[in-house]
file final.txt (compact mmCIF, C-alpha atoms and all ligand atoms)
# COMPACT_ATOMS: atom_id res chain seq x y z
CA MET A 1 48.66 48.63 -28.01
CA THR A 2 50.24 51.07 -25.57
CA ARG A 3 53.36 50.20 -23.61
CA ARG A 4 51.20 49.94 -20.52
CA GLN A 5 48.87 47.40 -22.14
CA THR A 6 51.74 45.37 -23.53
CA LEU A 7 53.35 45.12 -20.14
CA GLY A 8 50.03 44.39 -18.54
CA LEU A 9 49.91 41.03 -20.24
CA GLY A 10 53.08 39.93 -18.57
CA ILE A 11 53.46 39.27 -14.94
CA ALA A 12 49.93 38.50 -13.88
CA SER A 13 49.73 35.55 -16.25
CA LEU A 14 53.27 34.46 -15.46
CA LEU A 15 52.56 34.49 -11.79
CA SER A 16 49.11 33.01 -11.90
CA THR A 17 50.68 29.55 -12.24
CA PHE A 18 51.65 29.88 -8.62
CA ALA A 19 48.48 31.25 -7.18
CA GLY A 20 47.97 28.00 -5.30
CA TYR A 21 51.17 28.23 -3.34
CA SER A 22 50.35 27.28 0.18
CA GLY A 23 53.63 28.15 1.77
CA THR A 24 55.15 24.81 2.59
CA GLU A 25 58.02 23.29 0.72
CA ASN A 26 56.27 19.95 0.21
CA SER A 27 53.14 21.34 -1.28
CA SER A 28 55.21 23.69 -3.45
CA ALA A 29 57.00 20.72 -4.98
CA LYS A 30 53.63 19.36 -6.04
CA ASN A 31 52.33 22.61 -7.38
CA PHE A 32 55.30 23.99 -9.25
CA THR A 33 56.57 21.61 -11.82
CA GLU A 34 56.47 23.98 -14.80
CA LEU A 35 59.91 25.35 -14.24
CA SER A 36 60.60 25.76 -17.94
CA GLU A 37 58.39 28.83 -17.87
CA TYR A 38 61.12 30.59 -15.98
CA GLU A 39 63.28 30.66 -19.12
CA GLN A 40 60.52 32.44 -20.93
CA SER A 41 60.11 35.02 -18.19
CA SER A 42 63.84 35.74 -18.18
CA SER A 43 63.85 36.62 -21.86
CA GLU A 44 60.73 38.74 -21.49
CA LEU A 45 62.53 40.65 -18.80
CA THR A 46 65.42 41.44 -21.09
CA ASP A 47 63.06 42.49 -23.85
CA LEU A 48 61.10 44.85 -21.67
CA CYS A 49 63.43 47.80 -22.06
CA SER A 50 67.06 48.63 -21.68
CA ILE A 51 68.50 50.02 -18.48
CA SER A 52 70.15 52.78 -20.51
CA GLU A 53 66.73 54.24 -21.34
CA PRO A 54 66.07 56.89 -18.71
CA THR A 55 62.37 56.03 -18.57
CA CYS A 56 63.09 52.37 -17.94
CA SER A 57 63.53 52.10 -14.21
CA LEU A 58 61.51 51.31 -11.13
CA GLY A 59 61.62 54.99 -10.25
CA SER A 60 60.23 56.10 -13.61
CA TYR A 61 57.44 53.54 -13.74
CA ALA A 62 56.42 54.52 -10.22
CA LYS A 63 56.59 58.20 -11.08
CA GLU A 64 54.12 57.72 -13.93
CA GLN A 65 51.56 56.79 -11.25
CA GLY A 66 52.57 59.57 -8.87
CA ILE A 67 54.46 57.15 -6.61
CA LEU A 68 57.92 57.80 -5.23
CA TYR A 69 60.14 54.70 -5.48
CA GLY A 70 63.55 54.23 -3.93
CA ALA A 71 65.66 51.90 -1.83
CA ALA A 72 67.77 51.69 1.27
CA ALA A 73 71.54 51.41 0.91
CA LYS A 74 74.59 51.41 3.13
CA HIS A 75 77.35 53.99 2.98
CA ASN A 76 79.98 51.27 2.81
CA THR A 77 78.41 49.74 -0.29
CA LEU A 78 77.49 52.90 -2.17
CA SER A 79 80.85 54.52 -1.57
CA SER A 80 82.95 51.52 -2.58
CA ASP A 81 80.94 49.90 -5.38
CA SER A 82 80.66 52.32 -8.28
CA GLU A 83 78.82 49.84 -10.51
CA PHE A 84 76.15 49.46 -7.83
CA ALA A 85 76.04 53.21 -7.19
CA THR A 86 75.39 53.93 -10.88
CA ILE A 87 72.54 51.42 -11.11
CA PHE A 88 71.15 52.68 -7.81
CA SER A 89 70.89 56.23 -9.10
CA GLN A 90 69.24 54.98 -12.32
CA GLU A 91 66.59 52.84 -10.62
CA CYS A 92 65.73 55.03 -7.62
CA ARG A 93 64.32 58.45 -6.86
CA VAL A 94 64.83 58.31 -3.11
CA LEU A 95 67.71 57.04 -0.99
CA VAL A 96 67.34 55.79 2.58
CA PRO A 97 70.56 55.33 4.56
CA GLU A 98 70.00 51.79 5.87
CA ASN A 99 72.06 52.24 9.03
CA ASP A 100 74.06 55.45 8.77
CA LEU A 101 71.61 57.63 10.69
CA LYS A 102 71.08 55.17 13.53
CA TRP A 103 72.50 55.80 17.01
CA GLU A 104 74.98 52.97 16.51
CA VAL A 105 76.68 54.98 13.76
CA VAL A 106 75.96 58.64 14.57
CA ARG A 107 76.51 58.27 18.33
CA ARG A 108 79.23 55.64 18.37
CA GLU A 109 81.39 57.68 20.77
CA PRO A 110 80.06 59.06 24.07
CA GLY A 111 79.12 62.71 23.93
CA GLN A 112 79.82 63.08 20.20
CA PHE A 113 77.92 63.08 16.95
CA ASN A 114 79.56 61.51 13.93
CA PHE A 115 77.91 62.48 10.69
CA SER A 116 80.64 61.55 8.23
CA LYS A 117 78.78 58.58 6.69
CA ALA A 118 75.36 60.23 6.77
CA ASP A 119 76.78 63.41 5.22
CA TRP A 120 78.30 61.38 2.42
CA MET A 121 74.90 59.77 1.79
CA ALA A 122 73.16 63.17 1.76
CA GLU A 123 75.75 64.43 -0.72
CA PHE A 124 75.31 61.32 -2.89
CA ALA A 125 71.55 61.86 -2.90
CA GLN A 126 71.89 65.49 -3.86
CA SER A 127 74.41 64.96 -6.64
CA ASN A 128 72.32 62.14 -8.12
CA ASN A 129 69.04 63.97 -7.92
CA LEU A 130 67.59 61.60 -5.33
CA GLN A 131 65.40 62.56 -2.42
CA LEU A 132 66.65 61.57 1.02
CA ARG A 133 64.66 59.75 3.71
CA GLY A 134 65.85 59.65 7.28
CA HIS A 135 65.82 56.35 9.19
CA THR A 136 65.51 56.45 12.19
CA LEU A 137 65.55 58.75 15.20
CA LEU A 138 64.25 56.45 17.94
CA TRP A 139 64.36 52.67 17.94
CA HIS A 140 64.77 50.10 20.69
CA HIS A 141 67.65 48.41 18.76
CA TYR A 142 71.03 49.51 17.53
CA PHE A 143 72.17 51.51 20.52
CA PRO A 144 75.85 51.78 21.34
CA GLN A 145 76.62 50.34 24.75
CA TRP A 146 77.52 53.70 26.26
CA VAL A 147 73.99 54.98 25.61
CA GLU A 148 72.43 52.01 27.38
CA GLN A 149 74.75 52.55 30.31
CA THR A 150 74.12 56.30 30.48
CA LEU A 151 70.36 56.57 29.95
CA GLY A 152 68.33 57.05 33.12
CA ALA A 153 65.22 58.74 34.42
CA ASP A 154 67.18 61.93 35.13
CA ASN A 155 68.60 62.43 31.61
CA ALA A 156 66.44 60.49 29.10
CA GLU A 157 64.30 63.47 28.11
CA ASP A 158 67.33 65.72 27.59
CA MET A 159 69.13 63.04 25.59
CA LEU A 160 66.12 62.46 23.39
CA ILE A 161 65.70 66.16 22.68
CA GLU A 162 69.41 66.72 22.09
CA HIS A 163 69.61 63.79 19.68
CA VAL A 164 66.50 64.55 17.67
CA GLN A 165 67.24 68.29 17.48
CA THR A 166 70.85 67.88 16.42
CA VAL A 167 70.29 65.18 13.82
CA VAL A 168 67.14 66.66 12.28
CA LYS A 169 68.54 70.21 12.14
CA ARG A 170 71.65 69.04 10.32
CA TYR A 171 69.60 67.83 7.35
CA ALA A 172 66.73 70.32 7.66
CA GLY A 173 65.39 71.36 4.28
CA ARG A 174 67.08 68.38 2.61
CA MET A 175 65.05 65.55 4.14
CA HIS A 176 61.97 64.30 2.33
CA SER A 177 60.77 62.47 5.44
CA TRP A 178 61.93 61.10 8.77
CA ASP A 179 61.11 57.85 10.51
CA VAL A 180 60.82 59.59 13.86
CA VAL A 181 59.81 56.58 15.93
CA ASN A 182 60.39 53.01 14.79
CA GLU A 183 58.62 49.89 16.09
CA ALA A 184 57.19 51.38 19.29
CA VAL A 185 54.32 48.88 19.36
CA ASP A 186 54.68 45.28 20.48
CA HIS A 187 51.53 43.19 20.16
CA GLU A 188 52.76 41.00 23.02
CA SER A 189 53.17 43.90 25.41
CA SER A 190 51.18 43.47 28.61
CA ARG A 191 50.34 47.18 28.60
CA GLN A 192 46.90 48.21 27.49
CA ASP A 193 48.34 50.52 24.81
CA ARG A 194 50.70 47.72 23.66
CA LEU A 195 53.72 50.02 23.73
CA ARG A 196 57.01 48.17 23.60
CA THR A 197 59.40 48.15 26.52
CA SER A 198 62.29 50.46 25.72
CA PRO A 199 64.51 52.85 27.66
CA TRP A 200 62.42 55.74 26.30
CA LEU A 201 59.18 54.23 27.57
CA SER A 202 60.69 53.27 30.93
CA PHE A 203 62.36 56.61 31.64
CA ILE A 204 60.01 59.11 29.98
CA GLY A 205 56.71 57.27 29.67
CA PRO A 206 54.41 57.03 26.62
CA GLU A 207 54.78 60.79 26.08
CA TYR A 208 58.21 60.16 24.59
CA ILE A 209 56.53 59.60 21.22
CA ASP A 210 54.78 62.98 21.23
CA LEU A 211 57.98 64.64 22.45
CA ALA A 212 60.04 63.11 19.62
CA PHE A 213 57.59 64.23 16.94
CA TRP A 214 57.35 67.79 18.28
CA THR A 215 61.11 68.08 18.59
CA ALA A 216 61.59 66.83 15.02
CA HIS A 217 58.88 69.13 13.70
CA GLU A 218 60.43 72.18 15.30
CA ALA A 219 63.86 71.24 13.94
CA ASP A 220 62.56 70.73 10.37
CA PRO A 221 59.01 71.94 9.77
CA GLU A 222 59.16 70.80 6.11
CA ALA A 223 59.95 67.11 6.61
CA ILE A 224 57.16 64.54 6.53
CA LEU A 225 57.23 62.88 9.94
CA VAL A 226 56.58 59.16 9.95
CA TYR A 227 55.66 56.56 12.54
CA ASN A 228 57.19 53.33 11.18
CA ASP A 229 56.36 49.75 12.19
CA ASN A 230 56.57 46.11 11.13
CA GLY A 231 54.24 43.11 10.94
CA LEU A 232 51.31 45.11 9.58
CA TRP A 233 50.81 43.21 6.33
CA TRP A 234 49.75 39.85 7.64
CA ASP A 235 46.58 38.57 9.09
CA ALA A 236 47.69 36.04 11.69
CA PRO A 237 46.28 36.89 15.15
CA GLU A 238 49.55 38.72 15.96
CA GLY A 239 49.13 40.90 12.88
CA GLU A 240 45.57 41.74 13.84
CA ALA A 241 46.61 42.79 17.34
CA LYS A 242 49.45 44.83 15.92
CA LYS A 243 47.24 46.64 13.41
CA ALA A 244 44.72 47.48 16.13
CA ALA A 245 47.40 48.81 18.48
CA VAL A 246 49.11 50.89 15.79
CA LEU A 247 45.79 52.37 14.73
CA GLN A 248 45.02 53.20 18.35
CA LEU A 249 48.40 54.89 18.76
CA LEU A 250 47.92 56.94 15.58
CA GLU A 251 44.41 57.96 16.65
CA THR A 252 45.72 59.12 20.00
CA LEU A 253 48.58 61.07 18.43
CA ARG A 254 46.30 62.72 15.88
CA SER A 255 43.66 63.59 18.46
CA GLN A 256 46.21 65.31 20.68
CA GLY A 257 47.66 67.27 17.74
CA THR A 258 51.04 65.53 17.56
CA PRO A 259 52.72 66.40 14.24
CA VAL A 260 52.73 62.89 12.80
CA HIS A 261 52.12 62.97 9.05
CA ALA A 262 52.48 59.42 7.81
CA LEU A 263 52.47 55.76 8.72
CA GLY A 264 55.45 53.76 7.48
CA ILE A 265 54.62 50.12 6.80
CA GLN A 266 57.89 48.22 6.77
CA GLY A 267 56.75 45.38 4.53
CA HIS A 268 59.37 42.73 5.22
CA LEU A 269 57.30 40.03 3.54
CA LEU A 270 57.79 36.34 4.27
CA GLY A 271 57.70 34.53 0.95
CA HIS A 272 56.32 31.34 2.47
CA GLU A 273 53.64 33.12 4.51
CA MET A 274 51.90 35.17 1.84
CA HIS A 275 48.73 33.16 2.39
CA GLN A 276 48.61 35.04 5.70
CA MET A 277 47.94 38.31 3.88
CA ASN A 278 44.25 39.13 3.80
CA PRO A 279 43.74 41.75 1.07
CA GLU A 280 40.37 42.96 2.42
CA LYS A 281 41.63 43.43 5.97
CA LEU A 282 44.80 45.11 4.75
CA ARG A 283 42.81 47.49 2.54
CA LYS A 284 40.51 48.29 5.47
CA PHE A 285 43.48 49.02 7.69
CA LEU A 286 45.02 51.34 5.08
CA SER A 287 41.75 53.12 4.64
CA ASP A 288 41.37 53.57 8.42
CA VAL A 289 44.85 55.06 8.56
CA SER A 290 44.09 57.31 5.63
CA SER A 291 40.90 58.55 7.25
CA LEU A 292 43.00 59.88 10.12
CA GLY A 293 44.46 62.27 7.53
CA LEU A 294 47.73 60.35 7.28
CA GLU A 295 49.85 59.56 4.27
CA ILE A 296 51.15 55.96 4.02
CA MET A 297 54.62 54.87 2.91
CA ILE A 298 55.84 51.35 2.26
CA THR A 299 59.23 51.83 3.83
CA GLU A 300 61.18 48.56 3.98
CA LEU A 301 59.87 46.22 1.34
CA ASP A 302 61.66 42.95 0.62
CA VAL A 303 60.73 39.27 0.44
CA ASN A 304 62.44 36.84 2.79
CA ASP A 305 63.03 33.68 0.74
CA HIS A 306 64.49 31.66 3.62
CA ASN A 307 61.72 29.06 3.68
CA LEU A 308 61.03 28.98 -0.04
CA PRO A 309 62.20 26.07 -2.21
CA ASP A 310 65.91 25.86 -3.08
CA ASP A 311 65.38 25.95 -6.82
CA VAL A 312 66.38 29.45 -7.87
CA GLY A 313 63.94 29.78 -10.75
CA LEU A 314 61.01 28.75 -8.63
CA ARG A 315 62.15 30.84 -5.70
CA ASP A 316 62.46 33.94 -7.87
CA ARG A 317 58.94 33.46 -9.14
CA LEU A 318 57.52 33.13 -5.65
CA VAL A 319 59.40 36.21 -4.50
CA ALA A 320 58.05 38.09 -7.53
CA GLU A 321 54.57 36.88 -6.77
CA ALA A 322 54.82 38.14 -3.20
CA TYR A 323 55.88 41.60 -4.41
CA TYR A 324 53.10 41.71 -6.96
CA ASN A 325 50.35 40.51 -4.64
CA PHE A 326 51.33 42.85 -1.83
CA LEU A 327 51.84 45.93 -3.99
CA SER A 328 48.65 45.34 -5.95
CA VAL A 329 46.72 45.58 -2.70
CA VAL A 330 48.47 48.50 -1.07
CA LEU A 331 48.63 50.61 -4.23
CA ASP A 332 44.82 50.51 -4.37
CA GLU A 333 44.90 52.92 -1.46
CA PRO A 334 45.37 56.51 -2.68
CA ALA A 335 47.09 57.51 0.59
CA VAL A 336 50.07 55.31 -0.32
CA THR A 337 52.61 57.72 -1.81
CA THR A 338 55.96 55.99 -1.51
CA VAL A 339 57.49 52.55 -2.00
CA VAL A 340 60.98 51.85 -0.69
CA THR A 341 62.65 48.45 -0.99
CA TRP A 342 65.09 47.49 1.77
CA GLY A 343 68.00 47.29 -0.59
CA LEU A 344 68.08 47.11 -4.38
CA SER A 345 70.30 44.15 -5.20
CA ASP A 346 70.84 40.74 -3.60
CA ARG A 347 74.49 41.82 -3.54
CA ASP A 348 73.67 43.87 -0.47
CA THR A 349 70.74 42.68 1.61
CA TRP A 350 70.40 42.40 5.36
CA TYR A 351 69.33 38.78 4.78
CA SER A 352 72.88 37.91 3.79
CA GLY A 353 73.60 37.99 7.52
CA TRP A 354 71.20 35.10 8.22
CA GLY A 355 68.78 32.68 6.57
CA ARG A 356 70.16 31.72 3.17
CA LYS A 357 73.07 34.11 3.69
CA GLU A 358 74.87 34.78 0.39
CA ASN A 359 72.22 32.80 -1.51
CA ALA A 360 69.36 35.03 -0.39
CA ARG A 361 67.40 36.52 -3.29
CA PRO A 362 64.91 38.95 -1.69
CA LEU A 363 65.40 42.05 -3.89
CA PRO A 364 64.61 43.33 -7.41
CA LEU A 365 68.16 42.85 -8.80
CA ASP A 366 70.41 39.82 -8.46
CA ARG A 367 74.00 39.86 -7.19
CA ASP A 368 75.25 40.73 -10.68
CA LEU A 369 72.80 43.64 -10.79
CA ASN A 370 70.63 41.94 -13.38
CA ARG A 371 66.92 42.53 -13.17
CA LYS A 372 65.01 39.61 -11.73
CA LEU A 373 61.39 38.65 -12.10
CA ALA A 374 60.86 40.61 -8.88
CA TRP A 375 61.88 43.78 -10.73
CA ARG A 376 59.32 43.00 -13.39
CA ALA A 377 56.66 42.24 -10.78
CA ILE A 378 57.18 45.59 -9.10
CA VAL A 379 57.04 47.44 -12.42
CA GLU A 380 53.91 45.55 -13.32
CA SER A 381 52.24 46.39 -10.03
CA PHE A 382 53.05 50.08 -10.61
CA ILE A 383 51.73 49.96 -14.16
CA SER A 384 48.57 48.01 -13.48
CA THR A 385 47.49 49.98 -10.44
CA SER A 386 44.61 52.34 -10.75
CA HIS A 387 46.40 54.39 -8.11
CA GLN A 388 44.60 57.68 -7.75
CA GLY A 389 47.03 59.38 -5.43
CA ASP A 390 47.69 63.07 -5.22
CA ASN A 391 50.47 62.79 -7.79
CA ILE A 392 52.59 64.85 -5.46
CA TYR A 393 55.75 63.12 -6.63
CA SER A 394 55.15 63.16 -10.39
C1 LIG B 401 68.58 46.50 9.67
C2 LIG B 401 69.68 46.69 8.64
O1 LIG B 401 69.20 46.33 7.36
C3 LIG B 401 70.88 45.84 9.01
O2 LIG B 401 71.97 46.12 8.13
C4 LIG B 401 71.30 46.13 10.46
O3 LIG B 401 72.32 45.24 10.83
C5 LIG B 401 70.12 45.98 11.41
O4 LIG B 401 69.04 46.80 10.97
N1 LIG B 401 63.59 47.07 10.65
C6 LIG B 401 64.20 48.32 10.61
C7 LIG B 401 65.52 48.48 10.00
O5 LIG B 401 63.53 49.31 10.94
O6 LIG B 401 66.27 49.51 10.60
C8 LIG B 401 66.32 47.19 10.10
O7 LIG B 401 67.52 47.39 9.35
C9 LIG B 401 65.51 46.04 9.52
C10 LIG B 401 64.25 45.83 10.33
call {"tool": "encode", "arguments": {"input": "final.txt", "output": "structure tokens", "more": "lines below"}}
Ligand code: XIL
result
Amino acid sequence: MTRRQTLGLGIASLLSTFAGYSGTENSSAKNFTELSEYEQSSSELTDLCSISEPTCSLGSYAKEQGILYGAAAKHNTLSSDSEFATIFSQECRVLVPENDLKWEVVRREPGQFNFSKADWMAEFAQSNNLQLRGHTLLWHHYFPQWVEQTLGADNAEDMLIEHVQTVVKRYAGRMHSWDVVNEAVDHESSRQDRLRTSPWLSFIGPEYIDLAFWTAHEADPEAILVYNDNGLWWDAPEGEAKKAAVLQLLETLRSQGTPVHALGIQGHLLGHEMHQMNPEKLRKFLSDVSSLGLEIMITELDVNDHNLPDDVGLRDRLVAEAYYNFLSVVLDEPAVTTVVTWGLSDRDTWYSGWGRKENARPLPLDRDLNRKLAWRAIVESFISTSHQGDNIYS
């Protein structure tokens, strides 16, 4: 039996116990009484392979299928937590600065650019043989106050160009890809094109998206330029409207020759809402995006466990199940080239700011950097996919 076959027996059967999860705490209590199975899964995890083996990592298992795997991290964590930094470089092949390239950090002071944190991250990536992904050039959040106070119809275009040019040029030739525009679509927008209200839209108009992509492309012709958005995985009416509007935006951009190369699907999954994912509709959406000639990246994957049961063993299994079920669907689509989790360890997740706070368990590793069932589920989804991508990252 090959390693692949051996592993293939694991997670699907472990997780199948929970296939009936309907997403409410009460029904989960009825459905999930076999908690002893968790013990078994923990020991299987340890037996799988040792972290000291170079081929035993999320990055390596992904690479075997031609998929690039990595995670987001913060400068403050990577630079101060050497234990975390070592594991990060072992598990990942791409690093995404979680916040250090956002306006809030780079443009903290009026009229200045501050690249000290982002430069450190770029250096860390280079010295650890990781690719670097840029997040994000334009977003409606995370602006320093001075920008909000300064932006107006008379200067918005100049400020956009100056920002995108300066930031992209600084890392030109070193950036695997850039999230050029983030979350520009709002399914509740009253506009026909469903573009979200933002200073860029108000002061420049919908053309700001085309302008941002062209400016980025001229500053770094090698980088893959990504339109990134959230809420695309689920099938509630909101998700449907969002998918339609994003597809429309991408069609428009492609038809006018805008240099957009990929769609980034954030993938912040809600553990208790996985019944809202419709595999057929998701596959159809991915295939529609792909037929526009676009690559697809899963850019911010994690599983919010806020509304899952308190029991840690059960919660970990449901989180793992969500990873497995989502990745099994999206990795069917050959245009999906990249999977990035929004953090690697529960030690440093944006969910520690809300929800279950320090008890949140949305990521592949726990707070002690031990591999959780989620780690195993991700590996298993990489291994069991019949992904027929271009193998560009092998
Ligand atoms: C989040 C970071 O994880 C937090 O640390 C920060 O406080 C706010 O931003 N979608 C995005 C990311 O595109 O930039 C957000 O990151 C998470 C939601």
call {"tool": "residues_near_ligand", "arguments": {"input": "final.txt", "ligand": "ligand LIG 401 (chain B)", "cutoff": "10 Å", "atoms": "only C-alpha atoms and all ligand atoms", "output": "mmCIF file with C-alpha atoms, in the frame of the given file"}}
result
data_model
loop_
_atom_site.group_PDB
_atom_site.id
_atom_site.type_symbol
_atom_site.label_atom_id
_atom_site.label_comp_id
_atom_site.auth_asym_id
_atom_site.auth_seq_id
_atom_site.Cartn_x
_atom_site.Cartn_y
_atom_site.Cartn_z
ATOM 1 C CA ALA A 72 67.770 51.690 1.270
ATOM 2 C CA ALA A 73 71.540 51.410 0.910
ATOM 3 C CA LYS A 74 74.590 51.410 3.130
ATOM 4 C CA PRO A 97 70.560 55.330 4.560
ATOM 5 C CA GLU A 98 70.000 51.790 5.870
ATOM 6 C CA ASN A 99 72.060 52.240 9.030
ATOM 7 C CA ASP A 100 74.060 55.450 8.770
ATOM 8 C CA LEU A 101 71.610 57.630 10.690
ATOM 9 C CA LYS A 102 71.080 55.170 13.530
ATOM 10 C CA GLU A 104 74.980 52.970 16.510
ATOM 11 C CA HIS A 135 65.820 56.350 9.190
ATOM 12 C CA THR A 136 65.510 56.450 12.190
ATOM 13 C CA TRP A 139 64.360 52.670 17.940
ATOM 14 C CA HIS A 140 64.770 50.100 20.690
ATOM 15 C CA HIS A 141 67.650 48.410 18.760
ATOM 16 C CA TYR A 142 71.030 49.510 17.530
ATOM 17 C CA ASP A 179 61.110 57.850 10.510
ATOM 18 C CA VAL A 181 59.810 56.580 15.930
ATOM 19 C CA ASN A 182 60.390 53.010 14.790
ATOM 20 C CA GLU A 183 58.620 49.890 16.090
ATOM 21 C CA ASN A 228 57.190 53.330 11.180
ATOM 22 C CA ASP A 229 56.360 49.750 12.190
ATOM 23 C CA ASN A 230 56.570 46.110 11.130
ATOM 24 C CA GLY A 264 55.450 53.760 7.480
ATOM 25 C CA ILE A 265 54.620 50.120 6.800
ATOM 26 C CA GLN A 266 57.890 48.220 6.770
ATOM 27 C CA GLY A 267 56.750 45.380 4.530
ATOM 28 C CA HIS A 268 59.370 42.730 5.220
ATOM 29 C CA THR A 299 59.230 51.830 3.830
ATOM 30 C CA GLU A 300 61.180 48.560 3.980
ATOM 31 C CA LEU A 301 59.870 46.220 1.340
ATOM 32 C CA TRP A 342 65.090 47.490 1.770
ATOM 33 C CA GLY A 343 68.000 47.290 -0.590
ATOM 34 C CA ASP A 348 73.670 43.870 -0.470
ATOM 35 C CA THR A 349 70.740 42.680 1.610
ATOM 36 C CA TRP A 350 70.400 42.400 5.360
ATOM 37 C CA TYR A 351 69.330 38.780 4.780
ATOM 38 C CA SER A 352 72.880 37.910 3.790
ATOM 39 C CA GLY A 353 73.600 37.990 7.520
#
call {"tool": "closest_residue", "arguments": {"input": "final.txt", "among": "A:Leu225, A:Val167, A:Leu327, A:Leu138", "to": "A:Ala184", "atoms": "only C-alpha atoms"}}
result
A:Leu138
call {"tool": "atom_distance", "arguments": {"input": "final.txt", "atom1": "atom CA of A:Ser328", "atom2": "atom CA of A:Glu238"}}
result
22.9 Å
call {"tool": "axis_aligned_box", "arguments": {"input": "final.txt", "around": "stretch 313-329 of chain A", "padding_each_side": "8 Å", "output": "JSON"}}
result
{"center_x": 55.3, "center_y": 37.3, "center_z": -6.3, "size_x": 33.2, "size_y": 33.2, "size_z": 24.9}
call {"tool": "closest_residue", "arguments": {"input": "final.txt", "among": "A:Arg317, A:Tyr324, A:Glu333, A:Glu240", "to": "A:Asp288", "atoms": "all atoms listed in the file"}}
result
A:Glu333
call {"tool": "atom_distance", "arguments": {"input": "final.txt", "atom1": "atom CA of A:Glu162", "atom2": "atom CA of A:Leu247"}}
result
28.6 Å
call {"tool": "residues_around", "arguments": {"input": "final.txt", "residues": "A:Ser290", "least_positions_apart": "6", "cutoff": "12 Å", "atoms": "all atoms listed in the file", "output": "list of chain:residue names"}}
result
A:Leu247, A:Leu250, A:Glu251, A:Arg254, A:His261, A:Ala262, A:Leu263, A:Arg283, A:Lys284, A:Ile296, A:Met297, A:Val330, A:Glu333, A:Pro334, A:Ala335, A:Val336, A:Thr337, A:Gly389
call {"tool": "atom_distance", "arguments": {"input": "final.txt", "atom1": "atom CA of A:Gln126", "atom2": "atom CA of A:Gln112"}}
result
25.4 Å
call {"tool": "closest_residue", "arguments": {"input": "final.txt", "among": "A:Leu344, A:Ile298, A:Leu211, A:Met277", "to": "A:Glu91", "atoms": "all atoms listed in the file"}}
result
A:Leu344
call {"tool": "residues_around", "arguments": {"input": "final.txt", "residues": "A:His176", "least_positions_apart": "5", "cutoff": "7 Å", "atoms": "only C-alpha atoms", "output": "list in words"}}
result
Gln131, Leu132, Arg133, Ala223 and Ile224 of chain A
call {"tool": "closest_residue", "arguments": {"input": "final.txt", "among": "A:Asp235, A:Asp311, A:Glu64, A:Glu157", "to": "A:Asp210", "atoms": "all atoms listed in the file"}}
result
A:Glu157
call {"tool": "residues_around", "arguments": {"input": "final.txt", "residues": "A:Arg347", "least_positions_apart": "4", "cutoff": "12 Å", "atoms": "all atoms listed in the file", "output": "PyMOL selection string"}}
result
chain A and resi 73-74+77-78+81+83-84+343+351-353+357-370
call {"tool": "closest_residue", "arguments": {"input": "final.txt", "among": "A:Leu95, A:Asn307, A:Thr86, A:Glu207", "to": "A:Leu68", "atoms": "all atoms listed in the file"}}
result
A:Leu95
call {"tool": "closest_residue", "arguments": {"input": "final.txt", "among": "A:Ile209, A:Ala216, A:Leu201, A:Asp186", "to": "A:Lys243", "atoms": "only C-alpha atoms"}}
result
A:Asp186
call {"tool": "residues_around", "arguments": {"input": "final.txt", "residues": "A:Glu218", "least_positions_apart": "5", "cutoff": "12 Å", "atoms": "only C-alpha atoms", "output": "PDB file with C-alpha atoms, keeping the file's coordinate frame"}}
result
ATOM      1  CA  ILE A 161      65.700  66.160  22.680  1.00  0.00           C
ATOM      2  CA  VAL A 164      66.500  64.550  17.670  1.00  0.00           C
ATOM      3  CA  GLN A 165      67.240  68.290  17.480  1.00  0.00           C
ATOM      4  CA  THR A 166      70.850  67.880  16.420  1.00  0.00           C
ATOM      5  CA  VAL A 168      67.140  66.660  12.280  1.00  0.00           C
ATOM      6  CA  LYS A 169      68.540  70.210  12.140  1.00  0.00           C
ATOM      7  CA  ALA A 172      66.730  70.320   7.660  1.00  0.00           C
ATOM      8  CA  LEU A 211      57.980  64.640  22.450  1.00  0.00           C
ATOM      9  CA  ALA A 212      60.040  63.110  19.620  1.00  0.00           C
ATOM     10  CA  PHE A 213      57.590  64.230  16.940  1.00  0.00           C
ATOM     11  CA  ALA A 223      59.950  67.110   6.610  1.00  0.00           C
ATOM     12  CA  LEU A 225      57.230  62.880   9.940  1.00  0.00           C
ATOM     13  CA  THR A 258      51.040  65.530  17.560  1.00  0.00           C
ATOM     14  CA  PRO A 259      52.720  66.400  14.240  1.00  0.00           C
TER      15      PRO A 259
END
